[in-house]
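Okay, structure first, notes after.
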Protein chains: 2
Amino acid sequence: MKTGEDNLIERIRRRIPSTAGGALQVGIGDDAAVLRAPPDADWVATCDPFLEDVHFLAAAHPAEVVGYKALARATSDIAAMGARPEVFLLNLAIPANRAGRWLDGMLSGMARAARKFGLRLAGGDTSRPSEKHPKIALNITVMGLARRGRVLRRSGARRGDAIFVSGRLGAAQLGLELILRGMHRQRKWKHLLAAQFYPAPALQLGQWLAQRGVASAAMDISDGLSSDLHRLCKASGVGARIYREKIPCVTVPDKLRALPLDALTMALHGGEDYGLLFTVPKRWAARIPKSFRGTALTRIGEIVRGRGLTLTGADGKRSAIEPRGWDHFRPRAR
Amino acid sequence: MKTGEDNLIERIRRRIPSTAGGALQVGIGDDAAVLRAPPDADWVATCDPFLEDVHFLAAAHPAEVVGYKALARATSDIAAMGARPEVFLLNLAIPANRAGRWLDGMLSGMARAARKFGLRLAGGDTSRPSEKHPKIALNITVMGLARRGRVLRRSGARRGDAIFVSGRLGAAQLGLELILRGMHRQRKWKHLLAAQFYPAPALQLGQWLAQRGVASAAMDISDGLSSDLHRLCKASGVGARIYREKIPCVTVPDKLRALPLDALTMALHGGEDYGLLFTVPKRWAARIPKSFRGTALTRIGEIVRGRGLTLTGADGKRSAIEPRGWDHFRPRAR
């Protein structure tokens with residue numbers, strides 16, 4: 001006899017790739033998953049929440065987007081370590097009235113992301129949120145494999161290293177700005193939502209950097225360049241100087257000029273782009289191509305002595321960069 | 001410069017054991033943790049939510065209990081696989097007004113549990129719940145190491161195997177019944193809350209069973225014997241017969257006789273005891289001691305052909321056992 005919760009778990013299992021074998025020795029159906037690494041590999045593990053009204057808005061993010069994005073953003077941390085995604089665990093708190101069509105849509109997006117990133121569902125848990133606060137909560141643990149001694153870390157940046165970012169910065173924030181103004185419902189802006197809805201973890205780039213061993217430090221840009229560059233510099237005990245003209249900012253269409261949207265502000269402080277921020281010793285910087293598999297790699301500045309982060313303008317004037325990216329625990333007018 | 005979220009993470013890190021080394025190659029401070037198993041070991045991974053108003057009640061469960069219990073219940077799945085706990089990841093969603101004294105209490109309980117179970121914090125994430133629904137949510141991923149080929153699973157029970165449980169059943173439910181009646185505030189019942197507040201994952205027993213290789217199947221009793229025995233039988237493709245007189249029920253004190261509390265009902269259907277349910281081939285059943293490190297091991301019945309679960313009364317009459325343990329997705333009058 002099946003109980004309701006067991007039924008729900010079977011529904012999830014049917015939709016999402018979850019066949020055991022290889023690195024996943026024991027999958028769904030036992031108290032825990034059993035994971036086996038090849039002799040020359042380590043596991044890399046991360047976990048990320050994706051909460052209704054905090055990380056997504058049910059009125060703006062379709063169910064399918066919620067499933068895709070929840071898995072993509074957790075997988076981005078695996079990309080940032082230079083590892084290959086293998087398995088994930090899903091904790092899902094879902095109210096009764098979302099367990100029908102909404103859940104089907106969410107699972108469809110999550111299954112698509114799982115296939116794209118090469119992930120299998122290895123386990124998890126389901127629960128029903130309290131009736132007073134019937135909000136959806138996803139918590140995802142993603143695990144990947146990395147060659148021993150080849151993981152990318154935040155702490156290796158040294159004075160003189162070149163600073164690179166992948167992709168365009170601020171594109172996800174631009175999508176969010178449209179959502180916050182209710183403009184995401186207009187067909188003509190739909191193409192501007194892709195970066196906000198379907199972030200692309202830099203999996204190939206991360207693995208390439210890890211294999212080549214050219215990056216001295218790396219992390220993903222999840223909370224915004226200003227905050228994440230601060231974190232990388234802090235972990236490495238260094239400062240940074242970046243150049244305003246070099247930052248690959250999102251393009252704001254002319255038709256949106258009436259809105260108070262500044263491309264540089266979105267690029268510096270907007271989160272959720274999930275590109276990589278990485279540093280390369282100066283003598284190797286020329287080895288980094290202008291683009292990698294269709295994604296631009298842009299040299300935006302260099303690591304300097306000390307602790308300060310500065311932005312150099314077109315006029316040569318420098319200003320300090322404050323970490324004004326996404327932070328759940330800093331009061332702000334956002 | 002530190003942002004608010006980075007400050008919070010440092011506060012957590014200072015309180016909870018988190019030093020890298022050994023199996024934890026890279027801990028807090030990078031995008032993901034790096035985990036290394038010895039050549040003859042596999043990783044065992046599980047994740048569990050612990051949500052305010054669902055898994056705990058802030059008015060009844062002190063902050064210190066929340067921290068302890070959240071980690072203990074996730075660790076119980078590692079015990080049930082026969083593995084040794086090593087590291088955990090913590091996702092914490094916490095409203096601003098709980099980030100002071102409440103958080104300190106929670107971290108104190110969690111640190112105590114981490115030390116007791118041998119766990120180090122390897123990473124995680126913090127977020128602030130939406131202001132409309134400022135509830136605390138913990139999500140914990142626990143990982144342990146198991147000798148290859150020695151994990152305990154649910155699927156190996158065979159006809160004739162003896163069924164055992166560890167500890168007393170219904171004790172955590174008795175504590176919950178007191179809480180639901182507001183009686184947990186009375187000093188005289190305090191000793192009845194221990195099983196509800198501080199569950200003890202059967203770590204030593206699980207590892208002993210896995211080493212000896214005597215158990216054909218095992219799992220922890222988290223949702224109640226009736227539900228969990230159903231799950232073990234389903235995974236093994238068998239049925240079970242247990243004996244009413246043999247079930248090690250919680251003792252309900254005489255002074256509580258006025259309440260409608262039935263010890264057998266609490267033992268069968270009450271959750272959160274976190275003892276082990278395991279089966280042993282008949283010829284080895286005599287090797288299982290009456291108690292293991294102070295915890296009773298009780299033989300309560302045997303595995304039978306087919307799919308049915310029955311309870312045999314003192315009069316020899318049999319009745320079917322329905323899975324009436326905890327289930328988030330089955331409507332019930334609980």
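Residues in the structure tokens are numbered from 1 in each chain, the chains being A, B, ... in the order shown, and ligands are numbered from 1 in the order shown.
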For stretch 221-232 of chain A: contacts at 6 Å, only C-alpha atoms, fewer than 5 positions along chain excluded, given as a list in words: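 The contact residues come out as Arg154, Leu268, His269, Gly270, Gly271, Glu272, Tyr274, Gly275, Leu276, Pro323, Gly325 and Trp326 of chain A.
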Those same residues, written as a PDB file, in the first residue's frame with N, CA, C and O atoms?
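Everything below was put into part.pdb:
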ATOM      1  N   ARG A 154      38.792  29.953  -4.600  1.00  0.00           N
ATOM      2  CA  ARG A 154      38.735  31.422  -4.581  1.00  0.00           C
ATOM      3  C   ARG A 154      40.041  32.054  -4.119  1.00  0.00           C
ATOM      4  O   ARG A 154      40.240  33.245  -4.312  1.00  0.00           O
ATOM      5  N   LEU A 268      27.437  45.636 -12.470  1.00  0.00           N
ATOM      6  CA  LEU A 268      28.258  45.586 -11.252  1.00  0.00           C
ATOM      7  C   LEU A 268      27.527  44.927 -10.088  1.00  0.00           C
ATOM      8  O   LEU A 268      28.118  44.160  -9.332  1.00  0.00           O
ATOM      9  N   HIS A 269      26.236  45.251  -9.949  1.00  0.00           N
ATOM     10  CA  HIS A 269      25.547  44.866  -8.713  1.00  0.00           C
ATOM     11  C   HIS A 269      24.386  43.900  -8.911  1.00  0.00           C
ATOM     12  O   HIS A 269      23.775  43.453  -7.947  1.00  0.00           O
ATOM     13  N   GLY A 270      24.040  43.607 -10.168  1.00  0.00           N
ATOM     14  CA  GLY A 270      22.949  42.666 -10.407  1.00  0.00           C
ATOM     15  C   GLY A 270      23.434  41.236 -10.249  1.00  0.00           C
ATOM     16  O   GLY A 270      24.545  40.902 -10.661  1.00  0.00           O
ATOM     17  N   GLY A 271      22.624  40.394  -9.666  1.00  0.00           N
ATOM     18  CA  GLY A 271      23.043  39.010  -9.449  1.00  0.00           C
ATOM     19  C   GLY A 271      22.501  38.070 -10.502  1.00  0.00           C
ATOM     20  O   GLY A 271      21.930  38.486 -11.507  1.00  0.00           O
ATOM     21  N   GLU A 272      22.699  36.792 -10.269  1.00  0.00           N
ATOM     22  CA  GLU A 272      22.083  35.689 -11.009  1.00  0.00           C
ATOM     23  C   GLU A 272      22.567  35.502 -12.437  1.00  0.00           C
ATOM     24  O   GLU A 272      21.928  34.811 -13.221  1.00  0.00           O
ATOM     25  N   TYR A 274      25.498  34.046 -13.199  1.00  0.00           N
ATOM     26  CA  TYR A 274      26.102  32.712 -13.143  1.00  0.00           C
ATOM     27  C   TYR A 274      27.201  32.481 -14.177  1.00  0.00           C
ATOM     28  O   TYR A 274      27.462  31.350 -14.574  1.00  0.00           O
ATOM     29  N   GLY A 275      27.833  33.578 -14.624  1.00  0.00           N
ATOM     30  CA  GLY A 275      29.072  33.415 -15.367  1.00  0.00           C
ATOM     31  C   GLY A 275      30.197  33.140 -14.379  1.00  0.00           C
ATOM     32  O   GLY A 275      29.979  33.114 -13.159  1.00  0.00           O
ATOM     33  N   LEU A 276      31.407  32.923 -14.888  1.00  0.00           N
ATOM     34  CA  LEU A 276      32.551  32.724 -14.004  1.00  0.00           C
ATOM     35  C   LEU A 276      33.370  34.005 -13.903  1.00  0.00           C
ATOM     36  O   LEU A 276      33.532  34.732 -14.877  1.00  0.00           O
ATOM     37  N   PRO A 323      30.545  46.470  -2.138  1.00  0.00           N
ATOM     38  CA  PRO A 323      29.816  45.239  -2.469  1.00  0.00           C
ATOM     39  C   PRO A 323      28.321  45.477  -2.361  1.00  0.00           C
ATOM     40  O   PRO A 323      27.737  45.327  -1.296  1.00  0.00           O
ATOM     41  N   GLY A 325      25.988  43.979  -4.345  1.00  0.00           N
ATOM     42  CA  GLY A 325      25.221  42.901  -4.957  1.00  0.00           C
ATOM     43  C   GLY A 325      24.206  42.354  -3.983  1.00  0.00           C
ATOM     44  O   GLY A 325      23.997  42.888  -2.891  1.00  0.00           O
ATOM     45  N   TRP A 326      23.558  41.279  -4.367  1.00  0.00           N
ATOM     46  CA  TRP A 326      22.486  40.695  -3.592  1.00  0.00           C
ATOM     47  C   TRP A 326      22.982  40.221  -2.239  1.00  0.00           C
ATOM     48  O   TRP A 326      23.970  39.513  -2.134  1.00  0.00           O
TER      49      TRP A 326
END
7 Å contacts from chain B to chain A using only C-alpha atoms, as a PyMOL selection string: chain B and resi 3-5+30-36+39+42-49+53-54+77-78+80-81+89+91+124-125+127-130+133+139+153-154+219+327-330
Sel. of helix (DSSP H, G or I) residues, stretch 128-305 of chain B, as JSON, numbers by chain: {"B": [171, 172, 173, 174, 175, 176, 177, 178, 179, 180, 183, 184, 185, 187, 188, 189, 190, 191, 192, 193, 194, 195, 196, 197, 203, 204, 205, 206, 207, 208, 209, 210, 211, 212, 225, 226, 227, 228, 229, 230, 231, 232, 233, 234, 235, 236, 244, 245, 246, 254, 255, 256, 263, 264, 265, 266, 267, 268, 269, 282, 283, 284, 285, 286, 287]}
Contacts of B:Arg101 at 12 Å (only C-alpha atoms; same-chain gap of 6+ positions) as a ChimeraX atom specification: /B:62-64,107-108
Could you dump the residues just selected with C-alpha atoms as a PDB file, in the first residue's frame?
ATOM      1  CA  PRO B  62      13.585  25.771  22.303  1.00  0.00           C
ATOM      2  CA  ALA B  63      16.161  27.129  19.842  1.00  0.00           C
ATOM      3  CA  GLU B  64      18.799  24.789  21.217  1.00  0.00           C
ATOM      4  CA  LEU B 107      23.844  27.064  16.855  1.00  0.00           C
ATOM      5  CA  SER B 108      24.697  25.932  20.358  1.00  0.00           C
TER       6      SER B 108
END
Nearest candidate to A:Gly67 (options A:Ile28, A:Ala113, A:Ala162, A:Val87; using only C-alpha atoms):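 When distances to A:Gly67 are compared using only C-alpha atoms, the smallest one comes from A:Ala113.
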Identify, on the basis of only C-alpha atoms, every residue whose closest approach to A:Leu119 does not exceed 8 Å; exclude the query and any residue fewer than 3 positions from it along the same chain; express the result as a PDB file with C-alpha atoms, in the first residue's frame.
ATOM      1  CA  PRO A  17      16.504  10.907 -14.555  1.00  0.00           C
ATOM      2  CA  PRO A  85      27.900  17.383 -12.194  1.00  0.00           C
ATOM      3  CA  GLU A  86      26.754  13.849 -11.327  1.00  0.00           C
ATOM      4  CA  VAL A  87      23.857  13.637  -8.854  1.00  0.00           C
ATOM      5  CA  PHE A  88      21.473  15.807  -6.866  1.00  0.00           C
ATOM      6  CA  ALA A 114      19.024  17.550 -15.230  1.00  0.00           C
ATOM      7  CA  ARG A 115      19.459  16.078 -18.722  1.00  0.00           C
ATOM      8  CA  LYS A 116      21.279  19.137 -19.967  1.00  0.00           C
TER       9      LYS A 116
END
